[in-house]
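Visitor: The structure under discussion is supplied below as structure tokens; questions concerning it will follow.
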Amino acid sequence: MVDMIDKEASEDKGSSEPEQSAQEATGRVRLPKLGEILLTIPLPGVPQLWRGDYLIGALLLGLTAAGYMMCSVTGMFFHAIAFVDVSITHTGRIIKNSRLRMFAYRASFAIGFLAMWELSAWELGPKQWLCVDPFWFGSPLRVMDYMVEITLSGSLFVDTWTTMYEAFLGYVLGAALGIALGFILARLETLAEILDPFIVAVNGIPRVAMAPILIIWFGIGVESKIVLAVSLVLFLTFMNTYSGLRGVDPNLKNLAQVMGANEMQVLWKVTLPAAMPWILTGLKIGVPFAIIGAILGEFMAASKGLGFMIQHTSNLFNIAGSFAGLILLMFIVLIANAAVNWLERYLLRWRPKQQAAGESATDVY
Amino acid sequence: MPPILSIKNLQKEFFSRGNRVLAVEDLSLDIEEGEFLTIVGPSGCGKSTLLNCIIGLVHPTSGVITYKDRKLHGINTDIGYVPQSDYLYQWRTLINNVAFPLEMRGVDQKTRHDKARELIQRVGLAGFEDHYPHELSGGMRQRANIIRTLIYDPEVILMDEPFGPLDAQTRIILQDQLLKLWREARKTVIFITHDLVEAIALADRVVVMTSRPGNLRSVAEVDIPRPRDVFTIHSQEAFRKTYDQLWQELREEVQRSEDWMKNGSAG
């Protein structure tokens, strides 16, 4: 009984309120916007939400309605939130496994977001009905179309591979040099002290400012991009390695010597693992910077690569194409992050859970 | 029989904020092979400095330490060291921590793990071999800390307040275990503590040190027959006599150390 009343109440609110106030606001009769029609569809989760949490339910419906009145994009944003909220109330009961449930929430958020984006770009009649013009903002299907196009033409593979190659090589070289330099300078204290201001100064140069010279030196091929990525990753890994090594408790090393370790054993079996959390922090924050370096170089001068592709498409006002490039970049970063996270979890499996490594300064670009 | 370890006119000074601080002054002490020697003294009296000089982590300003008639120079791996807080390697499992000294000596994995497992079992840590240090309690870590030194059979073992951070119950249990291990291995042990009861219960000889600069105040033989029962030793007449005598001396030194610190801070 209560259920039914709630249901009626919520549907009532959902359908009539925005229309009425919209009329009052504009003073003339007009066709309802797409979102308003969507809101009248009785969402199966709404009654439960309504009953479970009156305040949040009312707030979300109100915000959705108000959002549609102002602009279909805002309305769709709140509609998406309401959609996720509803799916949460539902899935929470059905899916008991908490990891699976979290996956379902995330998937529903992503799908909801993409669906709203796509729907907002639909042209149902005159364009000015909707605030989202796909010319400026693209749409998921357009992006997918473009992806299919460049996959077939083969440029997707070439561009993605080029950027991955530059970033990966830059990352590996930069990390290797940075870690090696960290070990050397941690050992040679006087040299470290002499070089300190120079290192800080060179690292302080914005890489965008360095890029033109690097391109003159190394050409417009992959080399200049690799050098840019190296220049970013090197300092990050160096600084973390250096401070990690300097921070190792000398008692740990002394004790190893007392227990019979020679100098090399102390380095490999004690100092290195003790500094590992810091070294890994450097490696972790280096990942996006390797990609920044590669893209930065491609923006300056290149003939292939995702940075080149993004610039090229945006010059042609091919927004869907630019989005395609951004999405591919996003996936590269996600995969690289996953790889480094896996490495960290493996190497630091001895650490108590939920203990973060010491974070260090990362603003260098 | 010549002493296994002989300290002659040991002197050690530090410089702290431009001030010369004399930590140990003209200290001479002979340690016999197989004896259990405990050192008590007020805090800051140079006990740890003395140990660090013996291990070779700190170079004495003057004086000579001889081990088996050889002059000590730098770190001597015949001398084991159990530090005050457990410096277990966080990234190694218990068994790999205990086996660390053997690994450094190039012993193959099976042999060193067998030996480590046996020691782990003996101190009641069986089943925790593959745990990381942060998964063990303070008492468990301290046991690991001790057997890690025992595993490579050093002739002399130095212990710097190894039971300091533990609660009273765990301390007594570990004291009992330590005595058992010592009885089986018959190593020479130099054991630093600030707890006079612990010092007497464990030792053949108790050394009371003066307040800074550290020197010998007195050396007392403990005439309590072994094997001893650390749980009931306090009620024995011989224990009380030794305790009363040493406490008199220790109290004076603690008092002097307090006065010194007050004056030091005032001046």
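Ordering of the structure tokens sets the chain letters (A, B, ...); residue numbers start at 1 within each chain; ligands are numbered from 1 in the order shown.
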Tell me which protein, DNA and RNA residues are within 8 Å of segment 158-171 of chain B, counting only C-alpha atoms, leaving out same-chain ones fewer than 5 positions away, and put them as a list in words.

Guide: Ser48, Leu51, Ile79, Gly80, Tyr81, Val82, Pro83, Gln84, Ser85, Gly138, Gly139, Gln142, Val189, Ile190, Phe191, Ile192, Thr193 and His194 of chain B

Visitor: Restrict the selected residues to N, CA, C and O atoms and save them as a PDB file, in the first residue's frame.

Guide:
ATOM      1  N   SER B  48      76.312   1.628  25.825  1.00  0.00           N
ATOM      2  CA  SER B  48      76.189   1.306  24.405  1.00  0.00           C
ATOM      3  C   SER B  48      77.458   1.668  23.647  1.00  0.00           C
ATOM      4  O   SER B  48      77.846   0.967  22.707  1.00  0.00           O
ATOM      5  N   LEU B  51      79.802  -1.163  23.980  1.00  0.00           N
ATOM      6  CA  LEU B  51      79.468  -2.267  23.070  1.00  0.00           C
ATOM      7  C   LEU B  51      79.866  -1.941  21.637  1.00  0.00           C
ATOM      8  O   LEU B  51      80.436  -2.771  20.931  1.00  0.00           O
ATOM      9  N   ILE B  79      82.097 -11.717  16.632  1.00  0.00           N
ATOM     10  CA  ILE B  79      81.328 -11.118  17.724  1.00  0.00           C
ATOM     11  C   ILE B  79      79.941 -10.764  17.204  1.00  0.00           C
ATOM     12  O   ILE B  79      79.795  -9.998  16.254  1.00  0.00           O
ATOM     13  N   GLY B  80      78.936 -11.378  17.805  1.00  0.00           N
ATOM     14  CA  GLY B  80      77.561 -11.123  17.389  1.00  0.00           C
ATOM     15  C   GLY B  80      76.963  -9.967  18.171  1.00  0.00           C
ATOM     16  O   GLY B  80      77.442  -9.630  19.246  1.00  0.00           O
ATOM     17  N   TYR B  81      75.907  -9.389  17.634  1.00  0.00           N
ATOM     18  CA  TYR B  81      75.339  -8.212  18.264  1.00  0.00           C
ATOM     19  C   TYR B  81      73.815  -8.255  18.177  1.00  0.00           C
ATOM     20  O   TYR B  81      73.247  -8.403  17.097  1.00  0.00           O
ATOM     21  N   VAL B  82      73.178  -8.147  19.322  1.00  0.00           N
ATOM     22  CA  VAL B  82      71.713  -8.082  19.346  1.00  0.00           C
ATOM     23  C   VAL B  82      71.330  -6.670  19.779  1.00  0.00           C
ATOM     24  O   VAL B  82      71.516  -6.303  20.933  1.00  0.00           O
ATOM     25  N   PRO B  83      70.828  -5.858  18.864  1.00  0.00           N
ATOM     26  CA  PRO B  83      70.544  -4.465  19.221  1.00  0.00           C
ATOM     27  C   PRO B  83      69.288  -4.328  20.074  1.00  0.00           C
ATOM     28  O   PRO B  83      68.512  -5.263  20.207  1.00  0.00           O
ATOM     29  N   GLN B  84      69.149  -3.126  20.619  1.00  0.00           N
ATOM     30  CA  GLN B  84      68.050  -2.861  21.544  1.00  0.00           C
ATOM     31  C   GLN B  84      66.694  -3.002  20.864  1.00  0.00           C
ATOM     32  O   GLN B  84      65.820  -3.699  21.346  1.00  0.00           O
ATOM     33  N   SER B  85      66.532  -2.302  19.726  1.00  0.00           N
ATOM     34  CA  SER B  85      65.271  -2.517  19.021  1.00  0.00           C
ATOM     35  C   SER B  85      65.569  -3.483  17.877  1.00  0.00           C
ATOM     36  O   SER B  85      66.669  -3.527  17.371  1.00  0.00           O
ATOM     37  N   GLY B 138      55.820  -7.738  19.318  1.00  0.00           N
ATOM     38  CA  GLY B 138      57.120  -7.259  19.773  1.00  0.00           C
ATOM     39  C   GLY B 138      57.976  -8.378  20.351  1.00  0.00           C
ATOM     40  O   GLY B 138      59.168  -8.484  20.062  1.00  0.00           O
ATOM     41  N   GLY B 139      57.361  -9.237  21.160  1.00  0.00           N
ATOM     42  CA  GLY B 139      58.103 -10.336  21.766  1.00  0.00           C
ATOM     43  C   GLY B 139      58.617 -11.326  20.729  1.00  0.00           C
ATOM     44  O   GLY B 139      59.741 -11.810  20.807  1.00  0.00           O
ATOM     45  N   GLN B 142      61.566  -9.850  18.908  1.00  0.00           N
ATOM     46  CA  GLN B 142      62.778  -9.842  19.719  1.00  0.00           C
ATOM     47  C   GLN B 142      63.414 -11.224  19.766  1.00  0.00           C
ATOM     48  O   GLN B 142      64.627 -11.364  19.762  1.00  0.00           O
ATOM     49  N   VAL B 189      78.629 -14.165  26.706  1.00  0.00           N
ATOM     50  CA  VAL B 189      77.590 -13.165  26.485  1.00  0.00           C
ATOM     51  C   VAL B 189      77.885 -11.914  27.302  1.00  0.00           C
ATOM     52  O   VAL B 189      78.215 -11.999  28.496  1.00  0.00           O
ATOM     53  N   ILE B 190      77.816 -10.785  26.661  1.00  0.00           N
ATOM     54  CA  ILE B 190      77.854  -9.503  27.366  1.00  0.00           C
ATOM     55  C   ILE B 190      76.495  -8.860  27.173  1.00  0.00           C
ATOM     56  O   ILE B 190      76.071  -8.615  26.042  1.00  0.00           O
ATOM     57  N   PHE B 191      75.829  -8.630  28.281  1.00  0.00           N
ATOM     58  CA  PHE B 191      74.417  -8.268  28.237  1.00  0.00           C
ATOM     59  C   PHE B 191      74.229  -6.943  28.970  1.00  0.00           C
ATOM     60  O   PHE B 191      74.514  -6.846  30.153  1.00  0.00           O
ATOM     61  N   ILE B 192      73.757  -5.957  28.253  1.00  0.00           N
ATOM     62  CA  ILE B 192      73.530  -4.647  28.878  1.00  0.00           C
ATOM     63  C   ILE B 192      72.075  -4.547  29.295  1.00  0.00           C
ATOM     64  O   ILE B 192      71.181  -4.984  28.562  1.00  0.00           O
ATOM     65  N   THR B 193      71.839  -4.003  30.467  1.00  0.00           N
ATOM     66  CA  THR B 193      70.464  -3.808  30.901  1.00  0.00           C
ATOM     67  C   THR B 193      70.421  -2.655  31.891  1.00  0.00           C
ATOM     68  O   THR B 193      71.445  -2.253  32.425  1.00  0.00           O
ATOM     69  N   HIS B 194      69.247  -2.084  32.090  1.00  0.00           N
ATOM     70  CA  HIS B 194      69.128  -1.101  33.161  1.00  0.00           C
ATOM     71  C   HIS B 194      68.352  -1.703  34.332  1.00  0.00           C
ATOM     72  O   HIS B 194      68.083  -1.044  35.313  1.00  0.00           O
TER      73      HIS B 194
END

Visitor: Pick out the chain A residues within 10 Å of chain B. Count only C-alpha atoms. Give them as a ChimeraX atom specification.

Guide: /A:249,251-262,265-266,269-270,273-274,276,347-352

Visitor: I want to know what sits within 8 Å of segment 205-216 of chain B, based on only C-alpha atoms, with residues of the same chain fewer than 6 positions away left out; could you give that as a list in words?

Guide: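 Returned residues: Leu22, Ala23, Val24, Glu25, Asp26, Leu27, Ser28, Glu35, Phe36, Leu37, Thr38, Ile39, Val40, Gly41, Pro42, Ser43, Gly44, Cys45, Gly46, Lys47, Ala199, Val222, Leu246, Glu249, Leu250, Glu253, Val254, Arg256 and Ser257 of chain B.
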
Visitor: Can you list every residue in segment 1-131 of chain B that DSSP puts in helix (DSSP H, G or I), as a PyMOL selection string?

Guide: chain B and resi 47-55+94-98+100-104+109-122

Visitor: What's the 9 Å shell around Ile220 of chain A, counting only C-alpha atoms, without same-chain residues fewer than 3 positions away, as a list in words?

Guide: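 My reading of the contact set: Ile215, Ile216, Glu223, Ser224, Lys225, Gly297, Glu298, Met300, Ala301, Ala302 and Ser303 of chain A.
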
Visitor: Please list as a list in words every residue within 8 Å of segment 3-17 of chain B, counting only C-alpha atoms and excluding residues in the same chain fewer than 3 positions away.

Guide: Arg20, Val21, Leu22, Ala23, Val24, Glu25, Asp26, Leu27, Ser28, Leu29, Asp30, Ile31, Glu32, Glu33, Thr49, His59, Pro60, Thr61, Ser62, Gly63, Val64, Ile65, Thr66, Tyr67, Lys68 and Asp69 of chain B

Visitor: Output N, CA and C atoms of each residue in that selection to a file, as a compact mmCIF listing (two decimals), in the first residue's frame.

Guide:
# COMPACT_ATOMS: atom_id res chain seq x y z
N ARG B 20 83.32 18.79 24.13
CA ARG B 20 83.89 17.47 24.21
C ARG B 20 83.12 16.69 25.27
N VAL B 21 82.62 15.56 24.90
CA VAL B 21 81.90 14.72 25.86
C VAL B 21 82.67 13.42 26.02
N LEU B 22 83.04 13.14 27.24
CA LEU B 22 83.78 11.92 27.50
C LEU B 22 82.76 10.83 27.84
N ALA B 23 82.63 9.86 26.97
CA ALA B 23 81.60 8.83 27.17
C ALA B 23 82.14 7.69 28.03
N VAL B 24 83.35 7.26 27.74
CA VAL B 24 83.97 6.17 28.49
C VAL B 24 85.37 6.63 28.86
N GLU B 25 85.74 6.43 30.13
CA GLU B 25 87.04 6.91 30.56
C GLU B 25 87.85 5.80 31.19
N ASP B 26 88.95 5.47 30.56
CA ASP B 26 89.95 4.59 31.14
C ASP B 26 89.35 3.31 31.71
N LEU B 27 88.63 2.60 30.88
CA LEU B 27 87.92 1.41 31.36
C LEU B 27 88.71 0.16 30.99
N SER B 28 88.93 -0.69 31.97
CA SER B 28 89.60 -1.96 31.71
C SER B 28 88.77 -3.10 32.25
N LEU B 29 88.64 -4.15 31.43
CA LEU B 29 87.77 -5.26 31.82
C LEU B 29 88.19 -6.51 31.05
N ASP B 30 88.26 -7.62 31.76
CA ASP B 30 88.54 -8.88 31.08
C ASP B 30 87.29 -9.74 31.08
N ILE B 31 87.00 -10.36 29.97
CA ILE B 31 85.83 -11.24 29.90
C ILE B 31 86.31 -12.66 29.61
N GLU B 32 85.90 -13.59 30.48
CA GLU B 32 86.35 -14.98 30.33
C GLU B 32 85.49 -15.69 29.30
N GLU B 33 86.07 -16.69 28.71
CA GLU B 33 85.34 -17.46 27.71
C GLU B 33 84.16 -18.18 28.37
N THR B 49 78.11 2.76 24.07
CA THR B 49 79.38 3.14 23.45
C THR B 49 80.40 2.02 23.62
N HIS B 59 85.22 3.67 16.76
CA HIS B 59 86.64 3.52 17.07
C HIS B 59 86.96 4.22 18.38
N PRO B 60 87.62 3.50 19.29
CA PRO B 60 87.96 4.14 20.57
C PRO B 60 88.96 5.28 20.35
N THR B 61 88.86 6.30 21.20
CA THR B 61 89.81 7.40 21.11
C THR B 61 91.20 6.92 21.52
N SER B 62 91.22 6.16 22.58
CA SER B 62 92.48 5.51 22.95
C SER B 62 92.15 4.23 23.69
N GLY B 63 93.16 3.39 23.87
CA GLY B 63 92.92 2.11 24.53
C GLY B 63 92.89 0.99 23.52
N VAL B 64 92.98 -0.22 24.03
CA VAL B 64 93.10 -1.38 23.16
C VAL B 64 92.05 -2.42 23.56
N ILE B 65 91.42 -3.02 22.58
CA ILE B 65 90.54 -4.16 22.84
C ILE B 65 91.16 -5.36 22.12
N THR B 66 91.46 -6.41 22.86
CA THR B 66 92.00 -7.59 22.21
C THR B 66 91.00 -8.72 22.32
N TYR B 67 90.89 -9.45 21.21
CA TYR B 67 90.01 -10.61 21.15
C TYR B 67 90.89 -11.82 20.86
N LYS B 68 90.94 -12.77 21.78
CA LYS B 68 91.82 -13.94 21.65
C LYS B 68 93.25 -13.51 21.33
N ASP B 69 93.74 -12.51 22.09
CA ASP B 69 95.10 -12.01 21.94
C ASP B 69 95.38 -11.30 20.62
